[in-house]
Amino acid sequence: MSNPESDDANTLTPEQRLAPENLDLLRACIVTIPNVQTVQACVAYENAHQNREPILRWLAQQAAELRAK
């Protein structure tokens, strides 16, 4: 039985999470972020590279949901 905290989805880099061109896939990559630290890394990556406002909003929403848990 695998541990959900060690799945490959939890080991994606910010670059891998934010690379998909398909918005549905990109959104899926964001909502599966497991912790606030990963969200912060993705925000830093996005700010340094593409700085897309909708993506930054999705990341902020994911961070808020993780903090609420």
# chains A, B, ... in the order shown; residues from 1 in each chain; ligands from 1
$ residues_around --residues "range 54-57 of chain A" --least-positions-apart "3" --cutoff "10 Å" --atoms "only C-alpha atoms" --output "ChimeraX atom specification"
/A:18,23,26-27,30,39,42-44,46-47,50-51,60-63
$ write_last_selection --atoms "N, CA, C and O atoms" --output "PDB file, in the first residue's frame"
ATOM      1  N   LEU A  18       3.868  24.009 -13.242  1.00  0.00           N
ATOM      2  CA  LEU A  18       3.358  25.203 -13.907  1.00  0.00           C
ATOM      3  C   LEU A  18       3.615  25.217 -15.405  1.00  0.00           C
ATOM      4  O   LEU A  18       3.317  26.201 -16.076  1.00  0.00           O
ATOM      5  N   LEU A  23      -5.104  24.622 -19.608  1.00  0.00           N
ATOM      6  CA  LEU A  23      -5.491  25.234 -18.338  1.00  0.00           C
ATOM      7  C   LEU A  23      -6.099  24.243 -17.352  1.00  0.00           C
ATOM      8  O   LEU A  23      -5.886  24.367 -16.146  1.00  0.00           O
ATOM      9  N   LEU A  26      -3.174  22.386 -15.897  1.00  0.00           N
ATOM     10  CA  LEU A  26      -2.446  23.315 -15.028  1.00  0.00           C
ATOM     11  C   LEU A  26      -3.175  23.482 -13.695  1.00  0.00           C
ATOM     12  O   LEU A  26      -2.570  23.429 -12.629  1.00  0.00           O
ATOM     13  N   ARG A  27      -4.484  23.656 -13.764  1.00  0.00           N
ATOM     14  CA  ARG A  27      -5.295  23.795 -12.542  1.00  0.00           C
ATOM     15  C   ARG A  27      -5.197  22.525 -11.697  1.00  0.00           C
ATOM     16  O   ARG A  27      -5.069  22.599 -10.478  1.00  0.00           O
ATOM     17  N   ILE A  30      -2.092  22.436  -9.732  1.00  0.00           N
ATOM     18  CA  ILE A  30      -2.105  23.361  -8.590  1.00  0.00           C
ATOM     19  C   ILE A  30      -2.943  22.810  -7.441  1.00  0.00           C
ATOM     20  O   ILE A  30      -2.512  22.847  -6.287  1.00  0.00           O
ATOM     21  N   VAL A  39       3.476  25.479  -2.414  1.00  0.00           N
ATOM     22  CA  VAL A  39       2.781  26.621  -3.014  1.00  0.00           C
ATOM     23  C   VAL A  39       3.733  27.812  -3.085  1.00  0.00           C
ATOM     24  O   VAL A  39       3.828  28.485  -4.113  1.00  0.00           O
ATOM     25  N   CYS A  42       6.160  27.437  -5.826  1.00  0.00           N
ATOM     26  CA  CYS A  42       5.507  27.655  -7.123  1.00  0.00           C
ATOM     27  C   CYS A  42       5.267  29.141  -7.374  1.00  0.00           C
ATOM     28  O   CYS A  42       5.440  29.621  -8.498  1.00  0.00           O
ATOM     29  N   VAL A  43       4.885  29.884  -6.348  1.00  0.00           N
ATOM     30  CA  VAL A  43       4.693  31.334  -6.485  1.00  0.00           C
ATOM     31  C   VAL A  43       6.014  31.992  -6.855  1.00  0.00           C
ATOM     32  O   VAL A  43       6.074  32.839  -7.765  1.00  0.00           O
ATOM     33  N   ALA A  44       7.079  31.608  -6.191  1.00  0.00           N
ATOM     34  CA  ALA A  44       8.396  32.182  -6.501  1.00  0.00           C
ATOM     35  C   ALA A  44       8.787  31.877  -7.942  1.00  0.00           C
ATOM     36  O   ALA A  44       9.284  32.755  -8.666  1.00  0.00           O
ATOM     37  N   GLU A  46       6.748  31.164 -10.474  1.00  0.00           N
ATOM     38  CA  GLU A  46       5.847  31.895 -11.383  1.00  0.00           C
ATOM     39  C   GLU A  46       6.225  33.369 -11.456  1.00  0.00           C
ATOM     40  O   GLU A  46       6.246  33.971 -12.530  1.00  0.00           O
ATOM     41  N   ASN A  47       6.531  33.974 -10.326  1.00  0.00           N
ATOM     42  CA  ASN A  47       6.943  35.384 -10.307  1.00  0.00           C
ATOM     43  C   ASN A  47       8.227  35.601 -11.106  1.00  0.00           C
ATOM     44  O   ASN A  47       8.372  36.618 -11.781  1.00  0.00           O
ATOM     45  N   GLN A  50       6.942  33.639 -15.522  1.00  0.00           N
ATOM     46  CA  GLN A  50       5.861  34.098 -16.392  1.00  0.00           C
ATOM     47  C   GLN A  50       4.954  35.126 -15.735  1.00  0.00           C
ATOM     48  O   GLN A  50       4.331  35.916 -16.418  1.00  0.00           O
ATOM     49  N   ASN A  51       4.853  35.098 -14.424  1.00  0.00           N
ATOM     50  CA  ASN A  51       4.082  36.087 -13.674  1.00  0.00           C
ATOM     51  C   ASN A  51       2.645  36.218 -14.184  1.00  0.00           C
ATOM     52  O   ASN A  51       2.140  37.318 -14.386  1.00  0.00           O
ATOM     53  N   ALA A  60      -2.694  31.262  -4.690  1.00  0.00           N
ATOM     54  CA  ALA A  60      -3.135  31.892  -3.441  1.00  0.00           C
ATOM     55  C   ALA A  60      -4.344  31.162  -2.867  1.00  0.00           C
ATOM     56  O   ALA A  60      -4.436  30.945  -1.651  1.00  0.00           O
ATOM     57  N   GLN A  61      -5.262  30.759  -3.727  1.00  0.00           N
ATOM     58  CA  GLN A  61      -6.439  30.016  -3.291  1.00  0.00           C
ATOM     59  C   GLN A  61      -6.033  28.673  -2.697  1.00  0.00           C
ATOM     60  O   GLN A  61      -6.549  28.263  -1.659  1.00  0.00           O
ATOM     61  N   GLN A  62      -5.096  27.990  -3.333  1.00  0.00           N
ATOM     62  CA  GLN A  62      -4.626  26.696  -2.825  1.00  0.00           C
ATOM     63  C   GLN A  62      -3.950  26.869  -1.473  1.00  0.00           C
ATOM     64  O   GLN A  62      -4.167  26.073  -0.549  1.00  0.00           O
ATOM     65  N   ALA A  63      -3.142  27.910  -1.318  1.00  0.00           N
ATOM     66  CA  ALA A  63      -2.484  28.164  -0.027  1.00  0.00           C
ATOM     67  C   ALA A  63      -3.530  28.413   1.057  1.00  0.00           C
ATOM     68  O   ALA A  63      -3.402  27.887   2.169  1.00  0.00           O
TER      69      ALA A  63
END
$ atom_distance --atom1 "CA of Leu12 in chain A" --atom2 "CA of Thr38 in chain A"
9.3 Å
$ residues_around --residues "Glu65 in chain A" --least-positions-apart "4" --cutoff "10 Å" --atoms "only C-alpha atoms" --output "ChimeraX atom specification"
/A:31,35-36,59-61,69
$ write_last_selection --atoms "C-alpha atoms" --output "compact mmCIF listing (two decimals), in the first residue's frame"
# COMPACT_ATOMS: atom_id res chain seq x y z
CA VAL A 31 -4.99 21.81 -6.64
CA ASN A 35 1.58 21.83 1.40
CA VAL A 36 2.09 25.57 1.76
CA LEU A 59 -1.86 29.42 -6.06
CA ALA A 60 -3.14 31.89 -3.44
CA GLN A 61 -6.44 30.02 -3.29
CA LYS A 69 -7.16 22.44 7.01
$ closest_residue --among "A:Thr11, A:Gln16, A:Pro34, A:Ala41" --to "Leu66 in chain A" --atoms "only C-alpha atoms"
A:Pro34
$ closest_residue --among "A:Glu15, A:Arg52, A:Arg67, A:Asp24" --to "Gln37 in chain A" --atoms "only C-alpha atoms"
A:Arg67
$ select_by_dssp --residues "chain A" --states "helix (DSSP H, G or I)" --output "PyMOL selection string"
chain A and resi 4-6+8-11+14-18+23-31+36-49+53-68
